[in-house]
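The structure appears below as structure tokens.
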Amino acid sequence: MQIGYIGLGKMGLAQVERLLKKGYRVVAWNRSAGPRETARKLGAEVNGTLQEVCRKIKKPRLLWLMVPHAVVDDIIQEIVLRLSKGDTVIDGGNSFYKDSMRRAKELSRKGINFLDVGTSGGPFGALNGACLMIGGNRRVFRRCEPLFRDLSAHLAYSIIRANNGISSMRSKKSGTEEGDYAYAYIGKNGAGHFVKMVHNGIEYGMMQAIGEGFAVLKKSQFALDLQQIAELYNKGSVVESRLMGWLAKAFTEHGENLKDISGEVAHSGEGLWTVETAKELRVPVKVINDSLDFRLKSKGNPSYTGQVVSALRNQFGGHNVKRSD
């Protein structure tokens with residue numbers, strides 16, 4: 001299978017590497033030269049222009065965009081002149097869902113398919129299998145489903161029977177056991193990015209709660225070992241999670257004082273979009289709104305809570321969170 005891949009940031013390069021390992025022919029492009037060279041060394045066919053990417057992909061073309069939301073329209077405007085009826089464009093980045101709805105309509109007038117795919121898991125997930133939330137025409141989704149299966153995480157499960165007789169499922173590493181793939185068709189165009197937007201809003205609240213909780217633990221009278229507690233919380237407790245595992249890893253790498261981690265927390269658009277959309281829908285989202293407000297106010301007002309949240313952002317997303325002083 002072949003695919004045109006546009007955008008070779010941390011997520012893009014990791015996803016390209018995964019596709020190449022799966023046997024895809026990847027024709028790639030990136031604005032800057034450094035990532036292009038890295039992709040070439042991985043085995044991708046790298047081109048200097050978007051036109052060349054479109055020319056080298058056989059019809060019906062399949063192109064995946066993994067670029068910042070602010071440049072998606074510019075990319076589409078440039079490639080649409082080289083696309084044909086029946087081609088498919090997939091936006092795997094963090095675009096605003098209303099923009100995705102608009103882009104789908106504009107491309108459909110030219111007979112070009114559009115899918116919006118919320119992608120969660122950070123660079124690690126992009127390389128080892130991500131969680132994909134897919135919006136668009138169901139028929140087009142079905143046609144592209146082998147691609148989504150190849151890009152998504154494969155979860156194998158074992159059945160755990162509790163003392164009360166209630167069965168539950170706990171994920172294990174991929175293997176020969178029965179399992180599931182971490183992708184789903186969500187609904188019409190815009191739905192994929194809408195669900196990813198809310199996912200990121202929830203993520204804001206979860207990280208904020210972890211940051212606040214560990215700030216309380218740190219200030220207590222008990223001289224607690226925070227790394228030990230993070231590891232303990234992540235062993236069967238109600239708050240067991242990937243985030244807790246990442247925090248334990250951050251303590252290992254940076255020490256529990258997180259001295260080299262900034263207490264000022266950056267924010268991306270998804271948290272703000274979630275709050276604004278909730279207001280339109282008249283749904284209260286106090287936790288998410290407060291988490292966003294904390295990030296906005298953290299500039300010039302660092303805290304240990306902010307250091308924990310920053311450390312988590314670095315662990316799953318590779319964000320630069322080093323102290324500037």
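Residue numbering restarts at 1 for every chain of the structure tokens, chains are lettered A, B, ... in their displayed order, and ligands are numbered from 1 as they appear.
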Taking 3 positions as the minimum chain separation for residues in the same chain, which residues sit within 9 Å of Met197 of chain A when counting only C-alpha atoms? Answer as an NGL selection string. :A and (94-97 or 118 or 192-194 or 200-202 or 269-271 or 273-274)
So which residues touch segment 81-88 of chain A within 7 Å, counting only C-alpha atoms, skipping near sequence neighbours fewer than 3 positions away, as a ChimeraX atom specification? /A:51,54,59-63,78,110-114
Write out as a tab-separated table (two decimals) with N, CA and C atoms, in the first residue's frame which residues come within 12 Å of Ser100 of chain A when counting only C-alpha atoms, dropping same-chain ones fewer than 2 positions away.
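Written output follows (out21.tsv):
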```
chain	number	residue	atom	x	y	z
A	69	HIS	N	-2.66	22.95	13.05
A	69	HIS	CA	-3.99	23.29	12.51
A	69	HIS	C	-3.99	24.61	11.74
A	72	VAL	N	-3.25	23.96	7.89
A	72	VAL	CA	-3.96	22.93	7.13
A	72	VAL	C	-4.60	23.50	5.87
A	73	ASP	N	-5.26	24.65	5.99
A	73	ASP	CA	-5.90	25.26	4.82
A	73	ASP	C	-4.88	25.58	3.74
A	76	ILE	N	-3.90	22.29	2.02
A	76	ILE	CA	-4.97	21.79	1.16
A	76	ILE	C	-5.11	22.65	-0.09
A	89	VAL	N	-8.06	12.78	1.39
A	89	VAL	CA	-7.18	13.54	2.27
A	89	VAL	C	-7.58	13.23	3.71
A	90	ILE	N	-6.61	12.88	4.53
A	90	ILE	CA	-6.83	12.59	5.95
A	90	ILE	C	-6.07	13.61	6.78
A	91	ASP	N	-6.77	14.30	7.68
A	91	ASP	CA	-6.13	15.23	8.61
A	91	ASP	C	-6.00	14.51	9.95
A	92	GLY	N	-4.77	14.11	10.28
A	92	GLY	CA	-4.52	13.40	11.53
A	92	GLY	C	-4.05	14.29	12.66
A	93	GLY	N	-4.02	15.62	12.43
A	93	GLY	CA	-3.57	16.54	13.47
A	93	GLY	C	-4.70	17.01	14.37
A	94	ASN	N	-4.41	18.03	15.16
A	94	ASN	CA	-5.40	18.57	16.10
A	94	ASN	C	-6.07	19.80	15.50
A	95	SER	N	-6.97	19.59	14.57
A	95	SER	CA	-7.71	20.69	13.97
A	95	SER	C	-9.03	20.90	14.69
A	96	PHE	N	-9.55	22.13	14.63
A	96	PHE	CA	-10.85	22.44	15.21
A	96	PHE	C	-11.92	21.75	14.38
A	97	TYR	N	-12.87	21.12	15.07
A	97	TYR	CA	-13.82	20.26	14.36
A	97	TYR	C	-14.68	21.01	13.35
A	98	LYS	N	-15.00	22.29	13.62
A	98	LYS	CA	-15.80	23.05	12.68
A	98	LYS	C	-15.01	23.33	11.40
A	102	ARG	N	-16.01	22.13	7.52
A	102	ARG	CA	-15.95	23.02	6.37
A	102	ARG	C	-15.05	22.46	5.27
A	103	ARG	N	-13.89	21.95	5.67
A	103	ARG	CA	-12.96	21.40	4.67
A	103	ARG	C	-13.55	20.20	3.95
A	104	ALA	N	-14.28	19.38	4.68
A	104	ALA	CA	-14.92	18.22	4.05
A	104	ALA	C	-15.92	18.66	2.98
A	105	LYS	N	-16.70	19.69	3.25
A	105	LYS	CA	-17.68	20.19	2.28
A	105	LYS	C	-16.99	20.77	1.06
A	106	GLU	N	-15.93	21.55	1.31
A	106	GLU	CA	-15.22	22.18	0.20
A	106	GLU	C	-14.59	21.13	-0.72
A	107	LEU	N	-13.99	20.11	-0.13
A	107	LEU	CA	-13.35	19.07	-0.94
A	107	LEU	C	-14.37	18.18	-1.64
A	113	ASN	N	-12.45	13.04	-1.16
A	113	ASN	CA	-12.87	12.58	0.17
A	113	ASN	C	-12.01	13.21	1.25
A	114	PHE	N	-12.61	13.36	2.43
A	114	PHE	CA	-11.89	13.94	3.57
A	114	PHE	C	-12.28	13.19	4.84
A	115	LEU	N	-11.27	12.77	5.60
A	115	LEU	CA	-11.49	12.15	6.90
A	115	LEU	C	-10.73	12.95	7.96
A	116	ASP	N	-11.37	13.20	9.10
A	116	ASP	CA	-10.68	13.86	10.22
A	116	ASP	C	-10.41	12.79	11.28
A	117	VAL	N	-9.15	12.68	11.67
A	117	VAL	CA	-8.71	11.61	12.56
A	117	VAL	C	-8.01	12.20	13.77
A	118	GLY	N	-8.69	12.16	14.91
A	118	GLY	CA	-8.04	12.54	16.15
A	118	GLY	C	-7.05	11.45	16.54
A	134	ILE	N	-12.10	8.58	14.32
A	134	ILE	CA	-12.23	8.85	12.88
A	134	ILE	C	-13.60	9.38	12.52
A	135	GLY	N	-13.62	10.51	11.83
A	135	GLY	CA	-14.86	11.10	11.35
A	135	GLY	C	-14.86	11.21	9.84
A	136	GLY	N	-16.05	11.08	9.23
A	136	GLY	CA	-16.17	11.20	7.79
A	136	GLY	C	-17.19	10.23	7.23
A	188	LYS	N	-19.98	11.38	11.31
A	188	LYS	CA	-19.78	12.20	10.13
A	188	LYS	C	-18.60	13.14	10.30
A	189	ASN	N	-18.24	13.82	9.21
A	189	ASN	CA	-17.08	14.71	9.24
A	189	ASN	C	-17.16	15.71	10.39
A	190	GLY	N	-16.04	15.86	11.07
A	190	GLY	CA	-15.95	16.72	12.25
A	190	GLY	C	-16.01	15.95	13.54
A	191	ALA	N	-16.65	14.79	13.52
A	191	ALA	CA	-16.83	14.02	14.75
A	191	ALA	C	-15.51	13.52	15.31
A	192	GLY	N	-14.59	13.12	14.42
A	192	GLY	CA	-13.30	12.62	14.90
A	192	GLY	C	-12.53	13.68	15.66
A	193	HIS	N	-12.45	14.87	15.09
A	193	HIS	CA	-11.73	15.95	15.76
A	193	HIS	C	-12.50	16.51	16.94
A	194	PHE	N	-13.83	16.42	16.92
A	194	PHE	CA	-14.62	16.84	18.07
A	194	PHE	C	-14.32	15.95	19.28
```
According to DSSP computed on the backbone, where in segment 118-281 of chain A is there strand (DSSP E)? Give the residues as a PyMOL selection string. chain A and resi 118-120+131-135+154-161+167-172+179-181+183-187
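With only C-alpha atoms as the atoms that count, the residue of A:Glu231, A:Glu37, A:Asp293, A:Glu203 with the shortest distance to Val265 of chain A is A:Asp293.
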Counting only C-alpha atoms, what is within 12 Å of Val216 of chain A, bar same-chain residues fewer than 4 positions away, as a count of residues only? 14
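For the choices A:Val287, A:Ile261, A:Ala70, A:Val16, the atom-to-atom distance to Ser310 of chain A is smallest for A:Ile261 when using only C-alpha atoms.
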Residues near Gly300 of chain A, anyone? I mean within 12 Å using only C-alpha atoms, not counting same-chain ones fewer than 3 positions away, as a short mmCIF file (atom, residue, chain, number, x, y, z; two decimals) with C-alpha atoms, in the first residue's frame.
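Heads up, here's the output in around-v4.cif:
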```cif
data_model
loop_
_atom_site.label_atom_id
_atom_site.label_comp_id
_atom_site.auth_asym_id
_atom_site.auth_seq_id
_atom_site.Cartn_x
_atom_site.Cartn_y
_atom_site.Cartn_z
CA SER A 262 9.28 24.71 34.36
CA GLY A 263 6.37 25.50 36.67
CA GLU A 264 4.78 27.56 33.91
CA VAL A 265 2.47 25.38 31.81
CA ALA A 266 1.89 26.00 28.12
CA PHE A 294 -4.46 27.60 35.76
CA ARG A 295 -2.26 27.28 32.68
CA LEU A 296 -3.00 30.81 31.54
CA LYS A 297 -2.22 32.22 35.00
CA SER A 303 4.36 26.33 41.08
CA GLY A 306 2.73 23.43 37.29
CA SER A 324 14.39 29.01 31.18
#
```
Residue set, segment 85-288 of chain A restricted to alpha helix (DSSP H), as a ChimeraX atom specification: /A:97-108,122-128,138-151,191-219,226-233,242-254,269-281,286-288
Atom CA of Gly12 of chain A and atom CA of Ala126 of chain A are how many Å apart? 7.7 Å
From atom CA of Leu312 of chain A to atom CA of Gly255 of chain A the spacing works out at 13.5 Å
Can you pull out the residues contacting Ala28 of chain A? Cut-off 10 Å, using only C-alpha atoms, and skip same-chain residues under 5 positions away; I want them as a ChimeraX atom specification. /A:3-8,12-13,16,36,39-40,44-50,52-54,63-64
